[in-house]
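*Asks:* Structure file upload10.txt (compact mmCIF, C-alpha atoms) right here:
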# COMPACT_ATOMS: atom_id res chain seq x y z
CA MET A 1 -6.19 -18.51 -68.07
CA SER A 2 -2.67 -17.68 -69.03
CA PHE A 3 -0.82 -17.24 -72.29
CA ARG A 4 1.01 -20.32 -73.60
CA ALA A 5 3.60 -20.50 -76.34
CA ASP A 6 4.23 -23.52 -78.58
CA SER A 7 7.76 -24.50 -79.51
CA GLY A 8 7.63 -24.29 -83.28
CA TYR A 9 10.29 -25.07 -85.83
CA PHE A 10 11.49 -21.51 -85.69
CA TRP A 11 11.37 -21.31 -81.88
CA LYS A 12 14.05 -23.45 -80.31
CA ASN A 13 14.95 -23.98 -76.69
CA ARG A 14 16.79 -20.96 -75.27
CA GLU A 15 16.68 -19.22 -78.61
CA VAL A 16 16.68 -15.46 -78.23
CA CYS A 17 13.32 -14.02 -79.09
CA THR A 18 12.90 -11.01 -81.29
CA ALA A 19 9.89 -8.89 -82.02
CA SER A 20 9.64 -10.29 -85.54
CA LYS A 21 9.63 -13.88 -84.25
CA LEU A 22 6.97 -13.08 -81.68
CA MET A 23 4.95 -11.41 -84.42
CA GLN A 24 5.26 -14.55 -86.53
CA MET A 25 4.14 -16.72 -83.61
CA TRP A 26 1.23 -14.42 -82.94
CA LEU A 27 0.06 -14.47 -86.54
CA GLU A 28 0.39 -18.26 -86.81
CA GLY A 29 -1.55 -18.86 -83.60
CA ASP A 30 1.41 -20.27 -81.66
CA ILE A 31 0.60 -17.96 -78.75
CA TYR A 32 -2.75 -18.95 -77.35
CA GLY A 33 -4.83 -19.57 -74.25
CA GLY A 34 -4.71 -16.12 -72.74
CA ASP A 35 -7.37 -13.57 -72.06
CA GLN A 36 -7.52 -10.03 -70.84
CA SER A 37 -6.99 -11.00 -67.22
CA ASP A 38 -3.49 -12.22 -68.01
CA MET A 39 -2.37 -8.72 -68.80
CA ALA A 40 -4.56 -6.82 -66.36
CA SER A 41 -3.15 -5.42 -63.18
CA GLY A 42 -4.65 -8.34 -61.23
CA ALA A 43 -2.51 -10.83 -63.15
CA GLY A 44 0.06 -10.29 -60.45
CA LEU A 45 3.72 -9.70 -61.06
CA ALA A 46 6.74 -10.02 -58.81
CA VAL A 47 8.49 -6.68 -58.70
CA SER A 48 12.03 -6.39 -57.36
CA SER A 49 12.83 -2.88 -56.22
CA ALA A 50 13.98 -0.82 -53.26
CA THR A 51 10.77 1.19 -53.26
CA ALA A 52 7.16 0.02 -53.29
CA PRO A 53 5.58 -0.65 -56.71
CA SER A 54 2.52 1.28 -57.79
CA ASP A 55 0.64 -1.94 -58.69
CA THR A 56 -0.91 -3.16 -55.42
CA ASP A 57 -1.68 -6.56 -56.99
CA ALA A 58 2.04 -7.18 -57.37
CA VAL A 59 4.25 -9.15 -55.01
CA TRP A 60 7.06 -6.84 -53.96
CA VAL A 61 10.56 -8.23 -53.48
CA ASP A 62 11.93 -5.44 -51.26
CA THR A 63 15.64 -5.31 -52.11
CA ASN A 64 16.24 -2.69 -49.43
CA LEU A 65 15.04 -4.72 -46.43
CA SER A 66 15.41 -8.22 -47.97
CA LEU A 67 11.73 -9.05 -47.55
CA VAL A 68 8.91 -10.30 -49.77
CA ARG A 69 5.89 -8.06 -49.20
CA LYS A 70 2.27 -7.89 -50.29
CA TRP A 71 -0.37 -5.16 -50.17
CA ASP A 72 -3.08 -5.80 -47.56
CA GLY A 73 -5.27 -2.84 -48.47
CA SER A 74 -3.45 -0.31 -46.31
CA ALA A 75 0.23 -1.25 -46.18
CA TRP A 76 2.90 -3.42 -47.82
CA VAL A 77 3.10 -6.15 -45.17
CA PRO A 78 5.99 -8.64 -45.05
CA VAL A 79 4.96 -12.15 -46.13
CA SER A 80 7.03 -13.70 -43.34
CA GLY A 81 9.94 -12.93 -41.06
CA ALA A 82 8.83 -9.44 -40.08
CA VAL A 83 5.85 -7.38 -38.97
CA ILE A 84 4.71 -3.77 -39.19
CA LEU A 85 4.06 -1.99 -35.88
CA THR A 86 3.94 1.58 -34.54
CA ASN A 87 6.76 2.97 -32.43
CA LYS A 88 5.40 4.01 -29.02
CA SER A 89 8.75 3.97 -27.20
CA GLY A 90 8.89 7.73 -26.83
CA GLY A 91 11.93 8.07 -29.07
CA GLN A 92 13.46 6.99 -32.34
CA VAL A 93 14.75 3.48 -32.90
CA VAL A 94 17.27 2.53 -35.57
CA ALA A 95 18.07 -0.69 -37.42
CA GLY A 96 19.13 -3.42 -35.02
CA ASP A 97 17.48 -1.97 -31.91
CA VAL A 98 15.59 -4.54 -29.81
CA VAL A 99 11.85 -3.95 -29.23
CA VAL A 100 9.01 -5.55 -27.26
CA ALA A 101 5.21 -5.51 -27.48
CA SER A 102 3.57 -2.36 -26.12
CA SER A 103 0.91 -2.65 -23.43
CA GLY A 104 -0.02 1.02 -23.79
CA SER A 105 -1.07 1.29 -27.44
CA ASP A 106 -2.67 -0.88 -30.10
CA LEU A 107 -0.50 -2.56 -32.75
CA ALA A 108 2.61 -0.98 -31.28
CA PHE A 109 6.07 -1.73 -29.92
CA THR A 110 8.20 -0.12 -27.25
CA THR A 111 11.63 -0.70 -25.74
CA THR A 112 12.48 -2.39 -22.44
CA THR A 113 14.98 -2.28 -19.61
CA ASN A 114 13.90 -5.68 -18.33
CA ALA A 115 16.52 -8.40 -18.78
CA GLY A 116 15.06 -11.40 -20.62
CA ASP A 117 11.73 -9.76 -21.44
CA SER A 118 9.44 -12.51 -22.78
CA LYS A 119 7.39 -9.97 -24.74
CA VAL A 120 10.32 -9.39 -27.08
CA ILE A 121 9.29 -9.13 -30.74
CA GLY A 122 12.60 -8.70 -32.58
CA VAL A 123 14.74 -5.88 -33.95
CA ALA A 124 14.00 -2.77 -35.95
CA ALA A 125 14.71 -3.17 -39.66
CA GLN A 126 14.98 0.55 -40.25
CA THR A 127 14.95 3.92 -38.53
CA ILE A 128 11.48 4.46 -37.04
CA ALA A 129 10.55 7.77 -35.46
CA ASN A 130 8.38 7.90 -32.36
CA ASP A 131 4.68 7.43 -33.29
CA ALA A 132 5.65 6.24 -36.79
CA SER A 133 5.09 2.76 -38.23
CA GLY A 134 7.94 0.58 -39.41
CA ILE A 135 9.23 -2.93 -40.02
CA ILE A 136 10.38 -5.18 -37.17
CA TYR A 137 12.35 -8.31 -38.09
CA THR A 138 11.14 -11.39 -36.17
CA HIS A 139 12.91 -14.27 -37.96
CA GLY A 140 16.05 -14.94 -39.92
CA LYS A 141 19.65 -13.75 -39.96
CA ARG A 142 19.57 -10.10 -39.01
CA ALA A 143 21.89 -7.47 -37.50
CA VAL A 144 21.27 -6.87 -33.79
CA ASN A 145 22.37 -4.12 -31.38
CA ILE A 146 24.36 -6.19 -28.84
CA VAL A 147 26.22 -4.67 -25.91
CA ASP A 148 28.82 -7.41 -25.64
CA SER A 149 32.21 -7.28 -27.36
CA GLY A 150 34.57 -10.01 -28.46
CA ASN A 151 33.71 -13.33 -30.08
CA VAL A 152 30.28 -14.32 -28.81
CA SER A 153 29.19 -16.46 -31.77
CA GLY A 154 27.08 -19.44 -30.85
CA ILE A 155 25.66 -17.79 -27.73
CA TRP A 156 21.97 -17.01 -27.19
CA ILE A 157 20.78 -13.44 -26.77
CA ARG A 158 17.99 -11.79 -24.82
CA THR A 159 16.92 -8.23 -23.93
CA HIS A 160 19.34 -6.18 -21.83
CA THR A 161 18.84 -3.76 -18.92
CA VAL A 162 19.75 -0.96 -21.33
CA ALA A 163 16.87 -0.03 -23.66
CA LYS A 164 17.20 -1.12 -27.31
CA GLN A 165 20.13 -3.45 -26.58
CA ALA A 166 20.47 -7.21 -26.48
CA THR A 167 23.01 -9.09 -24.44
CA ILE A 168 24.32 -12.61 -24.52
CA ALA A 169 22.68 -15.22 -22.29
CA PRO A 170 24.97 -18.28 -22.16
CA GLY A 171 23.94 -21.61 -20.76
CA ALA A 172 20.73 -23.58 -20.74
CA PRO A 173 17.59 -21.95 -22.15
CA SER A 174 16.38 -19.16 -19.92
CA THR A 175 13.34 -16.95 -20.24
CA GLY A 176 13.40 -14.45 -23.06
CA GLN A 177 16.14 -15.78 -25.32
CA PHE A 178 15.07 -14.81 -28.84
CA GLY A 179 18.08 -15.51 -31.04
CA ILE A 180 21.65 -16.75 -31.31
CA VAL A 181 24.78 -14.94 -32.43
CA VAL A 182 26.23 -16.24 -35.70
CA GLY A 183 28.43 -13.44 -36.99
CA VAL A 184 31.05 -10.87 -36.26
CA ASN A 185 30.60 -7.23 -35.51
CA THR A 186 29.44 -5.16 -38.49
CA SER A 187 28.98 -1.41 -38.16
CA GLY A 188 28.38 -1.74 -34.44
CA LEU A 189 25.85 -4.53 -34.94
CA ARG A 190 26.20 -8.28 -34.82
CA GLN A 191 24.62 -10.88 -37.08
CA CYS A 192 22.18 -13.16 -35.26
CA VAL A 193 19.56 -15.73 -36.21
CA LEU A 194 16.25 -14.65 -34.71
CA PHE A 195 13.87 -17.43 -33.62
CA GLY A 196 10.56 -15.58 -33.93
CA GLN A 197 9.91 -16.67 -30.36
CA ALA A 198 11.20 -16.16 -26.84
CA THR A 199 12.29 -19.21 -24.89
CA ARG A 200 11.31 -20.01 -21.32
CA ASN A 201 13.19 -22.03 -18.76
CA MET B 1 13.79 -14.22 -68.34
CA GLY B 2 12.09 -11.99 -70.81
CA ASN B 3 11.58 -8.31 -70.55
CA ILE B 4 9.10 -5.76 -71.77
CA THR B 5 11.33 -2.86 -72.64
CA SER B 6 8.92 -0.05 -72.08
CA ALA B 7 8.88 1.35 -68.57
CA SER B 8 5.12 1.08 -68.70
CA ILE B 9 2.58 -0.50 -71.01
CA SER B 10 -0.35 1.30 -69.49
CA GLY B 11 -2.43 2.85 -72.20
CA VAL B 12 -1.51 0.06 -74.57
CA VAL B 13 -3.35 -2.80 -72.91
CA GLU B 14 -6.38 -1.95 -70.80
CA THR B 15 -8.50 -4.30 -68.72
CA SER B 16 -11.75 -3.45 -70.49
CA GLN B 17 -10.54 -4.21 -74.01
CA SER B 18 -11.98 -7.03 -76.05
CA LEU B 19 -9.78 -9.87 -77.24
CA ASN B 20 -9.69 -8.40 -80.72
CA THR B 21 -8.50 -5.14 -79.31
CA LEU B 22 -6.05 -7.05 -77.15
CA ALA B 23 -4.65 -8.72 -80.27
CA ALA B 24 -4.16 -5.35 -81.85
CA ALA B 25 -2.52 -4.14 -78.68
CA MET B 26 -0.19 -7.15 -78.67
CA ASN B 27 0.74 -6.38 -82.26
CA ASN B 28 1.43 -2.86 -81.20
CA LEU B 29 3.73 -4.09 -78.45
CA PHE B 30 5.55 -6.41 -80.85
CA THR B 31 6.05 -3.82 -83.55
CA GLN B 32 7.41 -1.41 -80.98
CA SER B 33 9.95 -4.07 -79.96
CA ARG B 34 8.83 -4.03 -76.36
CA PHE B 35 9.52 -7.77 -75.96
CA GLU B 36 13.06 -9.09 -75.83
CA ASN B 37 15.09 -11.97 -74.41
CA PHE B 38 12.15 -14.32 -73.88
CA SER B 39 12.75 -18.07 -73.88
CA ASP B 40 10.30 -20.98 -73.86
CA SER B 41 10.29 -21.10 -70.09
CA ASP B 42 8.94 -17.59 -69.79
CA MET B 43 5.64 -18.50 -71.40
CA GLY B 44 5.46 -22.27 -70.93
CA ASP B 45 3.31 -24.33 -68.59
CA THR B 46 5.92 -24.14 -65.85
CA ALA B 47 6.26 -20.38 -65.93
CA ALA B 48 5.15 -19.27 -62.50
CA ALA B 49 2.63 -16.49 -62.22
CA PHE B 50 1.24 -14.69 -59.22
CA ARG B 51 -2.54 -14.68 -59.17
CA SER B 52 -3.84 -11.83 -57.02
CA GLN B 53 -7.38 -12.55 -55.90
CA GLY B 54 -9.48 -13.50 -52.90
CA THR B 55 -10.43 -16.99 -54.03
CA ALA B 56 -8.25 -19.89 -55.19
CA PRO B 57 -7.18 -19.71 -58.87
CA SER B 58 -8.36 -22.43 -61.22
CA ASN B 59 -5.02 -22.70 -63.02
CA VAL B 60 -2.73 -24.22 -60.40
CA VAL B 61 0.18 -25.61 -62.44
CA GLY B 62 3.30 -23.79 -61.36
CA ASP B 63 1.41 -20.76 -60.14
CA PHE B 64 1.53 -18.79 -56.93
CA TRP B 65 -1.58 -17.32 -55.35
CA ASN B 66 -1.35 -13.86 -53.84
CA ASP B 67 -4.31 -14.42 -51.51
CA SER B 68 -5.94 -11.11 -50.63
CA ASN B 69 -8.40 -12.83 -48.27
CA SER B 70 -5.92 -14.44 -45.88
CA SER B 71 -3.03 -12.07 -46.68
CA LEU B 72 -0.81 -15.05 -47.52
CA ILE B 73 1.18 -16.04 -50.59
CA ARG B 74 0.42 -19.65 -51.40
CA SER B 75 1.58 -22.41 -53.77
CA TYR B 76 -0.27 -25.56 -54.76
CA TYR B 77 1.24 -28.90 -53.80
CA GLY B 78 0.80 -31.98 -51.63
CA PRO B 79 0.67 -35.78 -51.80
CA THR B 80 -2.10 -37.27 -53.90
CA GLY B 81 -5.38 -36.59 -52.19
CA GLU B 82 -3.95 -33.85 -50.02
CA GLU B 83 -3.38 -31.17 -52.63
CA SER B 84 -4.00 -27.74 -51.23
CA TRP B 85 -2.86 -24.15 -51.50
CA ASN B 86 -0.05 -24.04 -48.94
CA PRO B 87 1.20 -20.78 -47.47
CA ILE B 88 4.79 -19.93 -48.40
CA GLY B 89 7.22 -18.97 -45.67
CA GLY B 90 7.02 -19.31 -41.93
CA SER B 91 3.85 -17.32 -41.40
CA GLY B 92 1.38 -20.08 -42.24
CA LEU B 93 0.79 -23.74 -42.94
CA SER B 94 -1.87 -25.98 -44.46
CA ALA B 95 -3.99 -28.37 -42.42
CA LYS B 96 -7.21 -30.36 -42.64
CA ASN B 97 -10.29 -29.32 -40.72
CA GLY B 98 -10.98 -32.25 -38.41
CA THR B 99 -13.13 -30.33 -35.96
CA GLY B 100 -16.31 -31.97 -37.18
CA GLY B 101 -17.78 -28.63 -38.12
CA ALA B 102 -17.07 -25.37 -39.86
CA LEU B 103 -14.32 -22.95 -38.96
CA VAL B 104 -14.26 -19.24 -39.64
CA GLN B 105 -11.31 -16.96 -40.11
CA SER B 106 -9.58 -16.07 -36.79
CA ASP B 107 -10.67 -19.26 -34.96
CA VAL B 108 -7.92 -20.77 -32.78
CA VAL B 109 -7.31 -24.43 -33.66
CA TYR B 110 -5.31 -27.28 -32.18
CA MET B 111 -3.27 -30.17 -33.50
CA ASN B 112 -4.71 -33.66 -33.41
CA PRO B 113 -2.01 -35.75 -31.73
CA THR B 114 -3.78 -39.06 -32.34
CA SER B 115 -4.31 -38.86 -36.10
CA ALA B 116 -1.93 -40.61 -38.45
CA GLY B 117 -1.19 -41.25 -42.09
CA SER B 118 -2.94 -38.97 -44.51
CA ASN B 119 -4.62 -37.19 -41.62
CA ASN B 120 -1.45 -36.23 -39.80
CA ARG B 121 -2.02 -32.59 -40.50
CA THR B 122 -5.54 -32.60 -39.12
CA VAL B 123 -6.50 -29.93 -36.65
CA ILE B 124 -9.17 -30.22 -34.00
CA GLY B 125 -10.55 -27.87 -31.47
CA PRO B 126 -11.08 -27.13 -28.74
CA GLY B 127 -9.88 -29.10 -25.72
CA SER B 128 -6.24 -29.72 -26.55
CA SER B 129 -3.24 -27.85 -25.27
CA ASN B 130 -1.52 -28.22 -28.64
CA VAL B 131 -2.31 -24.93 -30.29
CA ALA B 132 -1.63 -25.26 -34.03
CA GLY B 133 -2.45 -21.74 -35.10
CA VAL B 134 -5.34 -19.60 -36.21
CA ALA B 135 -7.68 -20.23 -39.15
CA ALA B 136 -6.66 -17.91 -41.97
CA GLU B 137 -9.88 -18.59 -43.88
CA ASN B 138 -13.32 -20.10 -43.50
CA SER B 139 -13.51 -23.86 -44.01
CA SER B 140 -16.07 -26.63 -43.94
CA LYS B 141 -15.73 -29.97 -42.18
CA ASP B 142 -12.83 -32.04 -43.63
CA ASP B 143 -11.67 -29.25 -45.96
CA TRP B 144 -8.05 -28.18 -46.21
CA LEU B 145 -7.40 -24.70 -44.92
CA ALA B 146 -4.52 -22.31 -44.32
CA LEU B 147 -3.51 -21.50 -40.75
CA TRP B 148 -1.70 -18.43 -39.50
CA VAL B 149 1.18 -19.49 -37.24
CA HIS B 150 3.21 -16.32 -37.02
CA GLY B 151 2.82 -12.60 -37.48
CA VAL B 152 0.42 -9.84 -36.54
CA ARG B 153 -3.06 -11.29 -37.02
CA GLN B 154 -6.60 -10.73 -35.83
CA ILE B 155 -7.63 -13.70 -33.66
CA HIS B 156 -10.66 -14.80 -31.67
CA VAL B 157 -10.16 -14.25 -27.93
CA ALA B 158 -12.23 -14.42 -24.78
CA ALA B 159 -14.36 -11.40 -23.92
CA GLY B 160 -12.58 -8.77 -21.88
CA ALA B 161 -9.09 -9.60 -23.16
CA VAL B 162 -6.71 -6.72 -22.56
CA ARG B 163 -3.74 -5.57 -24.64
CA GLY B 164 -0.31 -6.55 -23.32
CA ASN B 165 -1.39 -9.94 -21.98
CA TYR B 166 -0.35 -13.29 -23.38
CA VAL B 167 -2.82 -15.55 -25.21
CA GLY B 168 -3.01 -19.29 -24.67
CA ASN B 169 -5.17 -22.39 -24.88
CA GLY B 170 -8.87 -21.65 -24.51
CA THR B 171 -11.98 -23.75 -24.06
CA GLY B 172 -13.36 -23.00 -27.53
CA VAL B 173 -12.23 -21.32 -30.69
CA ASN B 174 -11.47 -18.23 -28.60
CA ALA B 175 -7.98 -17.98 -27.14
CA ALA B 176 -7.74 -17.57 -23.38
CA VAL B 177 -5.92 -14.61 -21.91
CA SER B 178 -3.09 -15.11 -19.44
CA ALA B 179 -0.75 -12.85 -17.56
CA THR B 180 1.89 -15.59 -17.59
CA PHE B 181 4.25 -16.43 -20.43
CA GLU B 182 4.13 -20.20 -19.93
CA GLY B 183 1.63 -21.90 -22.22
CA SER B 184 1.17 -18.90 -24.47
CA PHE B 185 1.27 -18.63 -28.23
CA GLY B 186 1.25 -14.87 -28.59
CA VAL B 187 0.94 -11.40 -27.14
CA LEU B 188 -2.17 -9.24 -27.47
CA LEU B 189 -1.57 -5.98 -29.34
CA SER B 190 -5.08 -4.60 -28.87
CA ASP B 191 -8.05 -4.94 -26.52
CA GLU B 192 -10.81 -7.41 -27.38
CA SER B 193 -13.84 -6.20 -29.31
CA SER B 194 -16.59 -8.61 -30.43
CA ASN B 195 -14.29 -11.51 -29.49
CA LEU B 196 -11.58 -10.25 -31.86
CA ALA B 197 -8.22 -8.73 -31.03
CA TRP B 198 -4.91 -8.10 -32.79
CA ALA B 199 -2.07 -10.32 -31.60
CA LEU B 200 1.50 -11.14 -32.43
CA ILE B 201 1.18 -14.91 -32.72
CA ARG B 202 4.16 -17.24 -32.60
CA PRO B 203 4.93 -20.88 -31.77
CA TYR B 204 3.23 -22.32 -28.71
CA MET B 205 5.33 -22.32 -25.50
CA GLY B 206 3.85 -25.36 -23.76
Would you write the structure of this file as structure tokens?

*Replies:*
Amino acid sequence: MSFRADSGYFWKNREVCTASKLMQMWLEGDIYGGDQSDMASGAGLAVSSATAPSDTDAVWVDTNLSLVRKWDGSAWVPVSGAVILTNKSGGQVVAGDVVVASSGSDLAFTTTTNAGDSKVIGVAAQTIANDASGIIYTHGKRAVNIVDSGNVSGIWIRTHTVAKQATIAPGAPSTGQFGIVVGVNTSGLRQCVLFGQATRN
Amino acid sequence: MGNITSASISGVVETSQSLNTLAAAMNNLFTQSRFENFSDSDMGDTAAAFRSQGTAPSNVVGDFWNDSNSSLIRSYYGPTGEESWNPIGGSGLSAKNGTGGALVQSDVVYMNPTSAGSNNRTVIGPGSSNVAGVAAENSSKDDWLALWVHGVRQIHVAAGAVRGNYVGNGTGVNAAVSATFEGSFGVLLSDESSNLAWALIRPYMG
């Protein structure tokens, strides 16, 4: 069920609604078809905010991290383009740092000093302390911690031999490329499109 | 887009109220001028609503489904005869169960490269190297179902699978475990228990 509203003679397209007009519609039966579920918490609303809504039936448009998120019973998980994992790198990571899957802990990430690591996941979306959970971007146009300077737009990237950093990997697809540079340097980071996958040669 | 001006309407409309009480509550909201700037589109048939529940909503016109069972947000569309609740975004897709039997959530499924026409989104399994994704819900033979294709998901894997390995094409609905990247569609994020393990799944690297 959901509430429906008729377009009556006093209710014209794009006409601004007032409380008195809604009252008139209500009394004349022009609003109909709804039941309690339409106004219960489970009706589901999209909430745009920088912090999580209190209603766990809502869909949260996270304006801070540019993600759409939903409650899975324990956390506000991203609908797509990112995942939540625990930092087991032994130190803090910050937004843009490159991370890979951990083989030492469940549902966790770590950092790598292996060039072209094919277990790359993506980049941190936020500061995440060691042993804390946080968001890792896997897809989309995101800011990445890249060691290289100068204009490197249009060049693939992969993990670097320095932990948390990416480096450019020009040429034909090689193992571990996980994105491509598309933007200039911004606050020490560079805009890249992340593939959500690592290539192989 | 309309607004309800109060920061909260809790205490005005409660889930356990009868319709008569709801009507009184609506009147209360109106007289307190908590509605403003609504247009036809905000309450018409095309006004999209998110339905948060574990089973598919009955009212599909223009609605989104916040699916608490598969942890996907879905919208209803498709060519005539193929209508289904399709996952939104890159984390899932909709496909038809062409396995000849039932699937349960977390089963690994494969594309059917020989099907055509209205069946070109059919999945089969096992026996193909074309991993399509992981069943996001239970489905019967020939039903449409949502698949997980990306993200951190719980998937069926072979017994003894160990965290940190890659997962690839198996001989059944359980993914096989591999130490090599080639042919994988994900990385295990936990050890196997009862043929289930957490994995970061992503497109198949054939």

*Asks:* List the spatial neighbours of Ser74 of chain A as a list in words - criterion: any atom at most 12 Å away, all atoms listed in the file, same-chain residues fewer than 6 positions off excluded.

*Replies:*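 Non-adjacent residues within range: Thr56 and Ile84 of chain A; Ser68 and Ser71 of chain B.
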
*Asks:* Considering all atoms listed in the file, return as a list of chain:residue names whatever protein or nucleic-acid residues lie within 12 Å of Gly104 of chain A, sequence-local ones (same chain, fewer than 2 positions apart) excluded.

*Replies:*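 Residues meeting the cut-off are A:Thr86, A:Asn87, A:Lys88, A:Ser89, A:Gly90, A:Val100, A:Ala101, A:Ser102, A:Asp106, A:Leu107, A:Ala108, A:Phe109, A:Thr110, A:Thr111, B:Val162, B:Arg163, B:Gly164, B:Asn165, B:Leu188, B:Leu189, B:Ser190, B:Asp191.
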
*Asks:* Restricting the calculation to all atoms listed in the file: of B:Leu147, B:Ala135, B:Ala176, B:Leu72, which residue gets closest to chain A?

*Replies:*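 Closest to chain A of all the choices is B:Leu72.
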
*Asks:* May I ask for the distance between atom CA of Val149 of chain B and atom CA of Ser70 of chain B, given in Å to one decimal place?

*Replies:*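 We find that atom CA of Val149 of chain B and atom CA of Ser70 of chain B lie 12.3 Å from each other.
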
*Asks:* Between atom CA of Gly81 of chain A and atom CA of Gly171 of chain A, what is the distance, to one decimal in Å?

*Replies:* 26.1 Å

*Asks:* As an exercise, work out the distance from atom CA of Ser193 of chain B to atom CA of Gln105 of chain B in Å and give it to one decimal place.

*Replies:*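 Computing the Euclidean distance for atom CA of Ser193 of chain B and atom CA of Gln105 of chain B yields 15.5 Å.
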
*Asks:* How would you write as a short mmCIF file (atom, residue, chain, number, x, y, z; two decimals) with C-alpha atoms, keeping the file's coordinate frame the residues that get within 8 Å of (33.6, -13.2, -34.5) in the file's frame, counting only C-alpha atoms?

*Replies:*
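What ended up in out33.cif:
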data_model
loop_
_atom_site.label_atom_id
_atom_site.label_comp_id
_atom_site.auth_asym_id
_atom_site.auth_seq_id
_atom_site.Cartn_x
_atom_site.Cartn_y
_atom_site.Cartn_z
CA GLY A 150 34.57 -10.01 -28.46
CA ASN A 151 33.71 -13.33 -30.08
CA VAL A 152 30.28 -14.32 -28.81
CA SER A 153 29.19 -16.46 -31.77
CA GLY A 183 28.43 -13.44 -36.99
CA VAL A 184 31.05 -10.87 -36.26
CA ASN A 185 30.60 -7.23 -35.51
#

*Asks:* Could you give me, as a PyMOL selection string, the residues within 12 Å of His160 of chain A, counting only C-alpha atoms and dropping anything in the same chain fewer than 6 positions from it?

*Replies:* chain A and resi 97-100+111-118+120+145-148+166-169+176-178

*Asks:* Any idea what's packed within 8 Å of Asn201 of chain A, counting all atoms listed in the file, ignoring anything in its chain fewer than 6 positions away? Could you give it as a ChimeraX atom specification?

*Replies:* /A:172-175

*Asks:* For chain A, which of B:Val104, B:Val109, B:Ile73, B:Val131 is the closest residue, counting only C-alpha atoms?

*Replies:*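 Of all the options, B:Ile73 lies closest to chain A.
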
*Asks:* With all atoms listed in the file as the atoms that count, which of B:Ser91, B:Ser58, B:Asn130, B:Thr99 lies nearest to Trp144 of chain B?

*Replies:*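 Counting all atoms listed in the file, the residue closest to Trp144 of chain B is B:Thr99.
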
*Asks:* Please list as a CSV table (one decimal) with C-alpha atoms, keeping the file's coordinate frame every residue within 10 Å of Lys141 of chain A, counting only C-alpha atoms and excluding residues in the same chain fewer than 2 positions away.

*Replies:*
chain,number,residue,atom,x,y,z
A,81,GLY,CA,9.9,-12.9,-41.1
A,137,TYR,CA,12.4,-8.3,-38.1
A,138,THR,CA,11.1,-11.4,-36.2
A,139,HIS,CA,12.9,-14.3,-38.0
A,143,ALA,CA,21.9,-7.5,-37.5
A,144,VAL,CA,21.3,-6.9,-33.8
A,179,GLY,CA,18.1,-15.5,-31.0
A,180,ILE,CA,21.6,-16.8,-31.3
A,181,VAL,CA,24.8,-14.9,-32.4
A,182,VAL,CA,26.2,-16.2,-35.7
A,183,GLY,CA,28.4,-13.4,-37.0
A,190,ARG,CA,26.2,-8.3,-34.8
A,191,GLN,CA,24.6,-10.9,-37.1
A,192,CYS,CA,22.2,-13.2,-35.3
A,193,VAL,CA,19.6,-15.7,-36.2
A,194,LEU,CA,16.2,-14.6,-34.7
A,195,PHE,CA,13.9,-17.4,-33.6

*Asks:* Could you check the closest approach to chain A for each of B:Ser184, B:Asn169, B:Ser84, B:Ser140 and tell me which residue wins, using all atoms listed in the file?

*Replies:*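 With all atoms listed in the file as the atom set, the closest residue is B:Ser184.
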
*Asks:* Counting all atoms listed in the file, which residue out of A:Ala52, A:Ala198, A:Ala163, A:Leu85 sits closest to Arg69 of chain A?

*Replies:*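 Smallest distance to Arg69 of chain A is found for A:Ala52.
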
*Asks:* From the list B:Val187, B:Ala95, B:Ala161, B:Val177, which residue is nearest Leu145 of chain B when using only C-alpha atoms?

*Replies:* B:Ala95

*Asks:* Emit as JSON the padded axis-aligned box for all listed atoms of segment 121-131 of chain A, 4 Å per side, with centre and edge lengths in Å to one decimal.

*Replies:*
{"center_x": 9.8, "center_y": -0.6, "center_z": -35.5, "size_x": 18.3, "size_y": 25.0, "size_z": 17.5}
